[in-house]
Structure formats: structure tokens, C-alpha cells
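The file input.tsv comes next; it holds TSV, C-alpha atoms.
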```
chain	number	residue	atom	x	y	z
A	23	MET	CA	-14.22	-17.42	-1.95
A	24	LYS	CA	-10.97	-17.72	-3.90
A	25	TRP	CA	-9.36	-14.83	-5.64
A	26	SER	CA	-7.38	-14.68	-8.86
A	27	TRP	CA	-6.13	-12.04	-11.21
A	28	LEU	CA	-3.12	-11.49	-13.40
A	29	LYS	CA	-0.06	-10.35	-11.50
A	30	LYS	CA	2.59	-8.17	-13.08
A	31	ILE	CA	6.34	-8.57	-12.68
A	32	ARG	CA	7.26	-7.28	-9.22
A	33	THR	CA	10.24	-5.01	-8.69
A	34	GLU	CA	11.41	-2.65	-6.00
A	35	ASP	CA	10.80	0.31	-8.32
A	36	VAL	CA	7.21	0.77	-7.10
A	37	GLU	CA	8.27	0.92	-3.45
A	38	ARG	CA	11.10	3.35	-4.24
A	39	ALA	CA	8.75	5.60	-6.22
A	40	LEU	CA	6.15	5.65	-3.45
A	41	ILE	CA	8.74	6.39	-0.78
A	42	LEU	CA	10.24	9.16	-2.93
A	43	CYS	CA	6.79	10.71	-3.32
A	44	ALA	CA	6.27	10.51	0.42
A	45	SER	CA	9.60	12.23	1.03
A	46	ALA	CA	8.70	15.01	-1.41
A	47	MET	CA	5.35	15.56	0.31
A	48	VAL	CA	6.99	15.73	3.73
A	49	VAL	CA	9.54	18.27	2.45
A	50	ALA	CA	6.80	20.38	0.90
A	51	LEU	CA	4.84	20.42	4.13
A	52	ALA	CA	7.97	21.31	6.10
A	53	LEU	CA	8.82	24.21	3.76
A	54	ARG	CA	5.26	25.46	3.93
A	55	GLY	CA	5.43	25.35	7.69
A	56	ASN	CA	8.53	27.54	7.62
A	57	GLU	CA	6.79	30.34	5.73
A	58	GLU	CA	6.56	33.59	7.67
A	59	ALA	CA	3.26	33.76	9.52
A	60	PRO	CA	1.28	37.02	9.82
A	61	LEU	CA	1.71	38.99	13.04
A	62	ALA	CA	-0.77	37.99	15.71
A	63	ASN	CA	-2.41	40.17	18.33
A	64	THR	CA	-0.01	39.79	21.26
A	65	ASP	CA	-2.61	41.15	23.66
A	66	ALA	CA	-4.84	38.13	23.20
A	67	GLN	CA	-4.18	35.34	25.63
A	68	THR	CA	-4.95	31.86	24.34
A	69	ASP	CA	-4.52	28.75	26.43
A	70	PHE	CA	-3.63	25.70	24.38
A	71	PRO	CA	-4.16	22.26	25.91
A	72	VAL	CA	-1.01	20.31	26.70
A	73	VAL	CA	-1.28	16.73	25.45
A	74	SER	CA	1.03	14.28	27.15
A	75	VAL	CA	2.52	11.20	25.51
A	76	ALA	CA	0.45	9.02	27.84
A	77	GLN	CA	-2.75	10.85	26.89
A	78	THR	CA	-1.96	10.47	23.18
A	79	ALA	CA	-1.33	6.76	23.61
A	80	GLN	CA	-4.74	6.36	25.25
A	81	GLU	CA	-6.43	7.97	22.25
A	82	THR	CA	-5.22	5.38	19.73
A	83	GLN	CA	-5.64	1.66	19.34
A	84	GLU	CA	-3.64	-0.98	17.49
A	85	THR	CA	-5.24	-2.55	14.45
A	86	VAL	CA	-4.33	-4.19	11.13
A	87	VAL	CA	-5.09	-2.56	7.78
A	88	HIS	CA	-4.43	-3.88	4.28
A	89	PHE	CA	-2.67	-1.83	1.61
A	90	THR	CA	-1.42	-2.87	-1.83
A	91	ASP	CA	2.16	-2.87	-3.07
A	92	GLY	CA	0.95	-1.60	-6.44
A	93	GLN	CA	1.85	-4.88	-8.14
A	94	GLY	CA	-1.10	-7.04	-7.15
A	95	TYR	CA	-0.30	-8.10	-3.58
A	96	LEU	CA	-2.19	-7.06	-0.47
A	97	VAL	CA	0.04	-6.41	2.55
A	98	PRO	CA	-1.28	-6.38	6.14
A	99	VAL	CA	0.15	-3.54	8.25
A	100	THR	CA	-0.10	-3.15	12.02
A	101	CYS	CA	-0.72	0.51	12.89
A	102	GLN	CA	-2.57	2.86	15.22
A	103	VAL	CA	-6.00	4.36	14.59
A	104	LYS	CA	-8.20	6.65	16.66
A	105	LYS	CA	-9.61	4.78	19.63
A	106	SER	CA	-13.36	4.37	19.44
A	107	GLU	CA	-16.08	1.81	19.99
A	108	GLY	CA	-16.24	1.37	16.22
A	109	ILE	CA	-12.66	0.17	15.79
A	110	ALA	CA	-13.54	-1.86	12.68
A	111	LYS	CA	-14.96	1.20	10.91
A	112	GLU	CA	-11.95	3.32	11.93
A	113	THR	CA	-9.69	0.62	10.50
A	114	LEU	CA	-11.46	0.66	7.13
A	115	ALA	CA	-11.31	4.47	7.07
A	116	LYS	CA	-7.50	4.21	7.22
A	117	MET	CA	-7.58	2.41	3.86
A	118	VAL	CA	-9.53	5.12	2.00
A	119	ALA	CA	-7.43	7.31	-0.29
A	120	SER	CA	-6.78	10.78	1.16
A	121	SER	CA	-3.77	13.06	1.46
A	122	GLU	CA	-3.10	11.78	4.99
A	123	ASN	CA	-3.68	8.09	4.30
A	124	ASP	CA	-1.84	8.17	0.97
A	125	LEU	CA	1.21	9.74	2.61
A	126	PHE	CA	1.14	7.17	5.41
A	127	ALA	CA	0.92	4.25	2.95
A	128	ALA	CA	3.54	5.75	0.60
A	129	ARG	CA	6.09	5.97	3.40
A	130	LEU	CA	5.69	2.18	3.70
A	131	GLY	CA	6.14	1.72	-0.04
A	132	LEU	CA	2.44	0.87	-0.37
A	133	LYS	CA	-0.85	2.35	-1.62
A	134	THR	CA	-4.39	2.66	-0.25
A	135	THR	CA	-7.07	0.38	-1.75
A	136	ILE	CA	-10.37	2.30	-1.46
A	137	PRO	CA	-11.13	5.27	-3.78
A	138	GLU	CA	-10.95	8.80	-2.39
A	139	GLY	CA	-14.13	10.21	-0.91
A	140	THR	CA	-15.68	6.83	-0.15
A	141	GLN	CA	-17.90	6.86	2.93
A	142	ILE	CA	-18.40	3.58	4.78
A	143	ASP	CA	-21.24	2.38	6.97
A	144	LEU	CA	-20.71	-0.87	8.83
A	145	ASP	CA	-23.09	-3.22	10.60
A	146	ILE	CA	-21.84	-6.35	12.40
A	147	ALA	CA	-24.21	-8.93	13.89
A	148	GLN	CA	-23.95	-12.66	14.55
A	149	GLY	CA	-20.61	-12.98	12.78
A	150	LYS	CA	-21.82	-11.22	9.62
A	151	ALA	CA	-20.50	-7.83	8.54
A	152	ARG	CA	-22.47	-5.73	6.06
A	153	VAL	CA	-20.42	-2.97	4.47
A	154	ASP	CA	-22.25	-0.12	2.73
A	155	MET	CA	-19.84	1.90	0.59
A	156	SER	CA	-20.82	5.19	-1.05
A	157	LYS	CA	-20.89	5.62	-4.83
A	158	GLU	CA	-17.24	6.75	-4.88
A	159	ALA	CA	-16.26	3.09	-4.36
A	160	LEU	CA	-17.54	2.41	-7.89
A	161	SER	CA	-14.76	4.54	-9.40
A	162	CYS	CA	-11.95	1.97	-9.28
A	163	PRO	CA	-9.93	2.29	-12.52
A	164	ASP	CA	-9.97	-1.43	-13.46
A	165	ALA	CA	-11.09	-4.90	-12.41
A	166	GLU	CA	-7.87	-5.63	-10.51
A	167	SER	CA	-8.35	-2.51	-8.38
A	168	GLU	CA	-11.93	-3.59	-7.66
A	169	ALA	CA	-10.74	-7.01	-6.53
A	170	LEU	CA	-8.03	-5.48	-4.34
A	171	MET	CA	-10.56	-3.12	-2.74
A	172	VAL	CA	-13.06	-5.87	-1.96
A	173	GLN	CA	-10.47	-8.35	-0.75
A	174	SER	CA	-8.70	-5.76	1.42
A	175	VAL	CA	-12.00	-4.97	3.16
A	176	VAL	CA	-12.82	-8.66	3.64
A	177	GLU	CA	-9.39	-9.62	4.99
A	178	THR	CA	-9.31	-6.59	7.30
A	179	LEU	CA	-12.74	-7.26	8.80
A	180	CYS	CA	-12.24	-11.02	9.14
A	181	ARG	CA	-9.26	-10.37	11.43
A	182	PHE	CA	-11.79	-9.26	14.05
A	183	ASP	CA	-13.13	-12.09	16.20
A	184	THR	CA	-16.70	-10.86	15.66
A	185	VAL	CA	-16.59	-11.26	11.85
A	186	GLU	CA	-16.83	-14.52	9.91
A	187	GLU	CA	-18.13	-13.26	6.57
A	188	VAL	CA	-18.62	-9.97	4.75
A	189	SER	CA	-21.27	-8.78	2.30
A	190	PHE	CA	-21.46	-5.49	0.42
A	191	LEU	CA	-23.89	-2.73	-0.47
A	192	PHE	CA	-22.95	0.19	-2.71
A	193	ASP	CA	-24.75	3.48	-2.18
A	194	GLY	CA	-27.31	1.55	-0.16
A	195	GLN	CA	-28.08	-0.93	-2.94
A	196	GLN	CA	-27.13	-4.53	-3.61
A	197	ARG	CA	-25.17	-5.07	-6.80
A	198	SER	CA	-24.24	-8.25	-8.63
A	199	LYS	CA	-21.11	-6.73	-10.18
A	200	LEU	CA	-19.00	-3.59	-9.90
A	201	THR	CA	-18.18	-1.21	-12.75
A	202	HIS	CA	-15.43	-3.41	-14.24
A	203	GLY	CA	-17.03	-6.75	-13.53
A	204	MET	CA	-16.00	-7.74	-10.01
A	205	ASP	CA	-18.65	-10.12	-8.65
A	206	VAL	CA	-19.98	-8.82	-5.32
A	207	SER	CA	-23.28	-10.70	-5.24
A	208	GLY	CA	-22.50	-13.08	-2.38
A	209	ALA	CA	-20.82	-13.21	1.00
A	210	PHE	CA	-17.04	-13.31	1.30
A	211	ALA	CA	-14.89	-15.14	3.86
A	212	GLY	CA	-11.28	-14.28	4.64
A	213	GLY	CA	-8.26	-16.55	4.47
A	214	SER	CA	-7.53	-16.57	0.73
A	215	ILE	CA	-5.39	-13.46	0.50
A	216	ASN	CA	-3.00	-13.25	-2.49
A	217	PHE	CA	-4.14	-16.61	-3.80
A	218	GLU	CA	-1.59	-18.41	-5.96
A	219	GLU	CA	-2.91	-19.35	-9.36
A	220	THR	CA	-2.39	-23.01	-10.18
A	221	GLU	CA	-3.02	-25.32	-13.08
A	222	THR	CA	-6.47	-26.86	-13.19
A	223	LEU	CA	-6.42	-29.64	-10.60
A	224	PRO	CA	-9.14	-31.68	-8.91
A	225	THR	CA	-10.73	-29.87	-5.99
A	226	ALA	CA	-11.38	-33.07	-4.02
A	227	GLY	CA	-9.14	-33.08	-0.96
A	228	ALA	CA	-7.79	-29.59	-1.68
A	229	GLN	CA	-7.16	-27.23	1.22
A	230	THR	CA	-5.77	-23.73	1.49
A	231	VAL	CA	-2.81	-22.75	3.67
A	232	GLN	CA	-1.41	-19.29	4.30
A	233	LEU	CA	2.34	-18.70	4.09
A	234	TYR	CA	4.42	-15.58	4.76
A	235	PHE	CA	7.33	-14.58	2.52
A	236	PRO	CA	9.55	-11.46	2.67
A	237	SER	CA	8.92	-8.80	0.04
A	238	GLN	CA	11.68	-7.91	-2.42
A	239	SER	CA	12.78	-5.06	-0.18
A	240	GLY	CA	12.98	-7.45	2.77
A	241	ARG	CA	11.11	-4.94	4.95
A	242	MET	CA	7.68	-6.56	5.02
A	243	LEU	CA	6.09	-9.99	5.04
A	244	VAL	CA	3.55	-10.77	2.33
A	245	PRO	CA	0.91	-13.46	2.97
A	246	VAL	CA	0.32	-15.97	0.18
A	247	SER	CA	-2.52	-18.49	0.01
A	248	ARG	CA	-1.56	-21.83	-1.53
A	249	THR	CA	-3.55	-24.95	-2.39
A	250	VAL	CA	-2.33	-28.19	-0.82
A	251	TYR	CA	-3.58	-31.78	-0.99
A	252	SER	CA	-2.76	-32.83	2.56
A	253	ASP	CA	-3.79	-31.80	6.05
A	254	ALA	CA	-3.44	-28.05	6.61
A	255	ASP	CA	-1.31	-28.58	9.71
A	256	ALA	CA	2.02	-27.29	11.01
A	257	THR	CA	4.06	-29.89	9.12
A	258	THR	CA	2.38	-29.04	5.83
A	259	VAL	CA	2.77	-25.25	6.13
A	260	LEU	CA	6.45	-25.54	7.08
A	261	LEU	CA	7.20	-27.85	4.16
A	262	GLU	CA	5.39	-25.45	1.83
A	263	LEU	CA	7.31	-22.54	3.35
A	264	LEU	CA	10.59	-24.34	2.61
A	265	LYS	CA	9.54	-24.74	-1.02
A	266	GLY	CA	9.58	-20.95	-1.23
A	267	PRO	CA	7.42	-18.61	-3.29
A	268	ARG	CA	6.72	-19.10	-6.98
A	269	LYS	CA	9.70	-18.10	-9.09
A	270	ASP	CA	7.72	-15.37	-10.86
A	271	SER	CA	6.20	-14.02	-7.64
A	272	GLY	CA	8.74	-11.28	-6.94
A	273	LEU	CA	8.93	-12.47	-3.31
A	274	MET	CA	11.95	-13.80	-1.42
A	275	GLU	CA	12.43	-17.20	0.17
A	276	ALA	CA	11.67	-17.47	3.88
A	277	LEU	CA	14.48	-19.93	4.63
A	278	PRO	CA	17.54	-21.05	2.64
A	279	GLU	CA	17.24	-24.27	0.65
A	280	ASN	CA	19.78	-26.08	2.87
A	281	VAL	CA	17.57	-25.80	5.98
A	282	GLY	CA	15.70	-29.02	6.71
A	283	ILE	CA	12.91	-30.06	9.07
A	284	LEU	CA	13.48	-33.17	11.17
A	285	SER	CA	10.15	-33.19	13.01
A	286	VAL	CA	7.13	-31.10	13.98
A	287	LYS	CA	5.17	-31.80	17.16
A	288	MET	CA	1.95	-30.23	18.46
A	289	GLU	CA	1.03	-30.73	22.11
A	290	ASN	CA	-1.14	-28.64	24.43
A	291	GLY	CA	-0.98	-25.61	22.14
A	292	VAL	CA	2.82	-25.76	21.83
A	293	CYS	CA	4.28	-26.28	18.35
A	294	THR	CA	7.83	-27.64	18.56
A	295	VAL	CA	9.88	-27.64	15.35
A	296	ASN	CA	13.12	-29.59	15.09
A	297	PHE	CA	15.39	-28.13	12.37
A	298	THR	CA	18.71	-29.24	10.95
A	299	ARG	CA	21.82	-27.37	12.08
A	300	ASP	CA	21.69	-25.05	9.06
A	301	PHE	CA	18.80	-23.28	10.81
A	302	ILE	CA	21.29	-21.66	13.23
A	303	ALA	CA	23.25	-20.01	10.41
A	304	ALA	CA	20.00	-18.85	8.80
A	305	MET	CA	18.92	-17.15	12.04
A	306	GLU	CA	22.35	-15.55	12.62
A	307	GLU	CA	22.21	-14.04	9.12
A	308	ASP	CA	18.65	-12.81	9.75
A	309	THR	CA	19.61	-9.28	10.81
A	310	ASP	CA	16.11	-7.83	10.44
A	311	SER	CA	14.30	-10.95	11.77
A	312	GLN	CA	12.28	-11.44	8.58
A	313	ARG	CA	13.13	-15.15	8.36
A	314	LEU	CA	12.12	-15.70	11.97
A	315	ASP	CA	8.95	-13.64	11.45
A	316	ALA	CA	8.04	-15.64	8.33
A	317	VAL	CA	8.24	-18.91	10.27
A	318	THR	CA	6.44	-17.68	13.39
A	319	HIS	CA	3.60	-15.86	11.57
A	320	THR	CA	3.06	-18.84	9.27
A	321	LEU	CA	2.73	-21.13	12.29
A	322	LYS	CA	0.82	-18.97	14.75
A	323	GLN	CA	-2.12	-18.36	12.41
A	324	LEU	CA	-2.91	-22.08	12.61
A	325	PRO	CA	-5.78	-23.05	14.94
A	326	GLY	CA	-4.59	-24.16	18.35
A	327	VAL	CA	-1.03	-22.80	18.15
A	328	LYS	CA	-0.34	-20.72	21.27
A	329	GLU	CA	3.43	-21.06	21.56
A	330	ILE	CA	6.31	-21.93	19.21
A	331	ARG	CA	9.53	-23.63	20.30
A	332	PHE	CA	12.59	-24.45	18.23
A	333	LEU	CA	14.98	-27.37	18.40
A	334	VAL	CA	18.14	-27.89	16.37
A	335	GLU	CA	18.91	-31.58	15.95
A	336	GLY	CA	17.02	-32.32	19.13
A	337	GLU	CA	18.52	-29.59	21.32
A	338	SER	CA	16.63	-26.50	22.50
A	339	TYR	CA	17.47	-23.41	20.45
A	340	THR	CA	16.65	-19.74	21.03
A	341	PRO	CA	17.13	-17.41	18.04
A	342	PRO	CA	19.36	-14.33	18.60
A	343	GLU	CA	17.79	-11.64	20.76
A	344	ARG	CA	15.76	-9.16	18.79
A	345	SER	CA	14.56	-5.66	19.53
A	346	ARG	CA	11.72	-5.47	16.99
A	347	PRO	CA	8.10	-6.08	17.96
A	348	THR	CA	6.54	-9.44	17.16
A	349	ALA	CA	3.38	-7.98	15.58
A	350	LEU	CA	3.00	-8.30	11.82
A	351	ASN	CA	4.53	-5.52	9.66
A	352	VAL	CA	4.53	-2.78	12.31
A	353	SER	CA	4.24	0.52	10.44
A	354	SER	CA	6.58	2.53	12.68
A	355	GLU	CA	9.27	-0.13	12.31
A	356	ILE	CA	8.93	-0.34	8.52
A	357	ILE	CA	9.24	3.44	8.17
A	358	SER	CA	12.33	3.56	10.40
A	359	TYR	CA	14.06	0.88	8.30
A	360	TYR	CA	13.68	2.71	4.98
A	361	PRO	CA	16.73	4.88	4.23
A	362	GLY	CA	16.16	8.28	2.66
A	363	VAL	CA	12.71	8.97	4.06
A	364	ILE	CA	12.78	12.46	5.54
A	365	GLU	CA	11.47	12.91	9.07
A	366	THR	CA	10.36	16.31	10.38
A	367	ASP	CA	9.18	17.38	13.81
```
Please rewrite the model in this file as C-alpha cells.
Amino acid sequence: MKWSWLKKIRTEDVERALILCASAMVVALALRGNEEAPLANTDAQTDFPVVSVAQTAQETQETVVHFTDGQGYLVPVTCQVKKSEGIAKETLAKMVASSENDLFAARLGLKTTIPEGTQIDLDIAQGKARVDMSKEALSCPDAESEALMVQSVVETLCRFDTVEEVSFLFDGQQRSKLTHGMDVSGAFAGGSINFEETETLPTAGAQTVQLYFPSQSGRMLVPVSRTVYSDADATTVLLELLKGPRKDSGLMEALPENVGILSVKMENGVCTVNFTRDFIAAMEEDTDSQRLDAVTHTLKQLPGVKEIRFLVEGESYTPPERSRPTALNVSSEIISYYPGVIETD
């Protein structure tokens, strides 16, 4: 299913405001923690469990949630959630508005997508996920928020190998539409996140590709789904990536205009891309690895791509060594890159 809604002009003001709110909340909690506590009975002996770093690490599991930037885009974020057999349900719970989740998202410059108080039941069988959301999910303020909520759930669940499509119940009942008109009558498939609106064109031969562009802040990659009229292969996605985002998108280009592609070859799961020499300068200027990440994440989501190799005018090329993880939009890394966000022990 394709998605479309009006997108507003995107600026960094939303991210700054969210981060400022997060900082204020952290300060308030820190000050509250410094208040004088009442005297305790010193005769009582209480043994508190000591939790090691290793033990804590075993209690969480890596997953990908989807938040919104507040301007119409969904942004996937790699983070940790409580380890459990129901990892998909724990992942969705991270996207429900609450003081804890809102603070976490705000420190990334993002916002949660599911209304506060929403309870979620999840059943997955034979590739089909049925999501039953409590009546609180019907309280989205407008149609765009409804679409963001539904799409964020679909894209999050379809990242799991066990899910191919998603259907919805609300308070245990099927609905054709939500409060503000969002159609939820059928099943949804992932892969059309942040779909670019285009002029009316024939659908014959049309395919959808997913591209990654840096956000205005340059701290995160934003996936964009684009319609193409050629094979959805490595050559096509790289050429579309070089075209850049739409001028009114508020996103940044992945590679400079002077970078060219000489050839793209797929063999035994290895995608080899031969760039012009300008690619070297682009990588040397890529201090936070967003350009490299945009290329690699755009390529590795293609079926069959297991490894990516770069050539520059026919010679093997290795981009400058990097210290950041290769996962998509790692939350701890994003937070550490934002200046002015207050950290407390």
C-alpha cells in the first residue's frame, strides 16, 4: 500500500525544540533527585542487588523503532528494548507516548507516533501480524498523525523476518476508517515509507525503490520511497541516490553532484561500485560517515546484497576508518552527537 499526505516545510527548529525540551526534563529530574531525602531508619539492613554491566546487557535486545521528526517523515532508530520472547511487542511499546519514551525520542530530535495509554496485543502467524490497539489509539489529533501511527507500526513489524503484512483491530473490533479518515480496512505491507508524491503517471512498469538521505541536522538518515520506471536494482538505486532528494523535501543530498558512477556489478552477493575520483574527496569530507551510510544502507536493503565493495576508476578503495557502528541511526550515537543535551548520572 502506498502512502501520501501533505508535507510541511522542514527545518531544524523542530529538532532543536525537542532536544531543548529533553534537556529541560533531564535537568528537572536531576534537581528533584538532589532534594533532601527524609532520614531513614539506620538500624534496618537492606541488601540491594548489584547489577553488573554484563547482566544489564543480557537483559536488553537490539531492535528498530520508528519515530517521527514532527514534519511528516518517519525515521527508523536502532535502540535497545527489554529482552523477551515477544520482542516485536516490546518494540511497538517503545513507540507509545509516555514520559520515558517521549524523553528518549526528544533527545533524538524526534517524537513518538502512538497515543499515550495505548495498549497493544500482537498475534503473528504464517507471515501475518494482527495488531489490536486499545481505544486510546483512536485519539490521534489529525489524519496525518493517524497515517504516521499506522505506517510506523507496519514498517516496524515488517522489519522482522516473520512478518510480511500487517492488519489492525481497534479495541478488539475491525474498523474501515479511523477517527480522521485513515483507511485501515485492509492489510498493509512495508517498503513504502515516506513515499514521494509524484505527478499522475502510468502505473504500468512502475516500481518502488528505497533511498536514504541525511536529515537537515546531518545526524540521521531518512528513508524515502521513490517510484522508478526501470529495474529496481543496484544501478537504479544509486542513480536515483545521485539525483538527490526533492528540492522541497528538507533533506540533504547523499553525495555531491560531481560524483559519478562508472559501473555497478553484482556477483555472488557482492555489489561492486566503481565511482569517479571525486568519490574520494566526498568520503574524506564525510566526517560523521553519513554519506557512506546513505550509500551502504541504500544498497544493502536490496535482495541478494551481502557485501559492498568500492572502486575508484577501477582501483580498489576503502573509505577512511570509522569508529561509528554500521547499524542504522543508532540512538546512543545520535544522542552523543547532539551538542547541548545535558547528561546526568
Next on the checklist: Under the rule that all atoms listed in the file are counted, which of A:Leu233, A:Leu130, A:Val118, A:Val352 is the nearest residue to Gln102 (chain A)?
Outcome noted: A:Val352
Checklist entry - How many Å separate CA of Ser247 (chain A) from CA of Asp143 (chain A)? => result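 Computing it gives 28.9 Å between the two atoms.
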Checklist entry - Interatomic distance between CA of Ser214 (chain A) and CA of Arg248 (chain A)? => result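 We find that CA of Ser214 (chain A) and CA of Arg248 (chain A) lie 8.3 Å from each other.
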Checklist entry - Please, what distance in Å, to one decimal, runs between CA of Phe332 (chain A) and CA of Asn290 (chain A)? => result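 Value for the CA of Phe332 (chain A)-CA of Asn290 (chain A) distance: 15.6 Å.
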Next on the checklist: At a cut-off of 12 Å around the point (-24.2, -2.7, -7.2) (file coordinates), what residues fall inside when counting only C-alpha atoms? I'd like the answer as an NGL selection string.
Outcome noted: :A and (154-160 or 189-208)
Checklist entry - What lies within 9 Å of Gly227 (chain A) using only C-alpha atoms, ignoring chain neighbours under 4 positions off, as a list in words? => result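 My reading of the contact set: Val250, Tyr251, Ser252 and Asp253 of chain A.
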Residues within 10 Å of Ile330 (chain A), please, as a compact mmCIF listing (two decimals) with C-alpha atoms, in the coordinates of the input. Count only C-alpha atoms; anything in the same chain fewer than 6 positions from it doesn't count.
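In the end it all went to result12.txt:
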```
# COMPACT_ATOMS: atom_id res chain seq x y z
CA MET A 288 1.95 -30.23 18.46
CA GLY A 291 -0.98 -25.61 22.14
CA VAL A 292 2.82 -25.76 21.83
CA CYS A 293 4.28 -26.28 18.35
CA THR A 294 7.83 -27.64 18.56
CA VAL A 295 9.88 -27.64 15.35
CA VAL A 317 8.24 -18.91 10.27
CA THR A 318 6.44 -17.68 13.39
CA LEU A 321 2.73 -21.13 12.29
CA LYS A 322 0.82 -18.97 14.75
```
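For the point (3.9, 2.7, 10.8) in file coordinates, the residues within 9 Å, using all atoms listed in the file, are Val99, Thr100, Cys101, Gln102, Phe126, Ala127, Arg129, Leu130, Asn351, Val352, Ser353, Ser354, Glu355, Ile356, Ile357 and Ser358 of chain A.
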Next on the checklist: Report as a PyMOL selection string all protein, DNA and RNA residues lying within 12 Å of Ala110 (chain A), evaluated on all atoms listed in the file, omitting residues in the same chain fewer than 2 positions from it.
Outcome noted: chain A and resi 83-87+103-108+112-117+142-146+151-153+175-185
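Between Arg313 (chain A) and the candidates A:Tyr339, A:Tyr234, A:Phe297, A:Tyr359, the tightest atom-to-atom separation, counting all atoms listed in the file, involves A:Tyr234.
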Next on the checklist: Ranking A:Ser120, A:Ser174, A:Gly131, A:Ala211 by minimum distance to Lys150 (chain A) and counting all atoms listed in the file, which one comes first?
Outcome noted: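 Closest residue, counting all atoms listed in the file: A:Ala211.
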Checklist entry - From the set A:Thr140, A:Ser285, A:Thr225, A:Ser311, which residue has the shortest atom-to-atom contact distance to Arg241 (chain A), counting all atoms listed in the file? => result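 Closest to Arg241 (chain A) of all the choices is A:Ser311.
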Kindly list the centre and edge lengths in Å, rounded to one decimal, for the axis-aligned box that covers all listed atoms of region 273-279 of chain A plus 5 Å on each of its six sides, as lines of an AutoDock Vina configuration file.
```
center_x = 13.2
center_y = -18.4
center_z = 0.7
size_x = 18.6
size_y = 21.8
size_z = 17.9
```
Checklist entry - For Lys133 (chain A), which residue among A:Ala165, A:Ala228, A:Leu264, A:Leu96 is the nearest when counting all atoms listed in the file? => result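 For Lys133 (chain A), the nearest of the given residues is A:Leu96.
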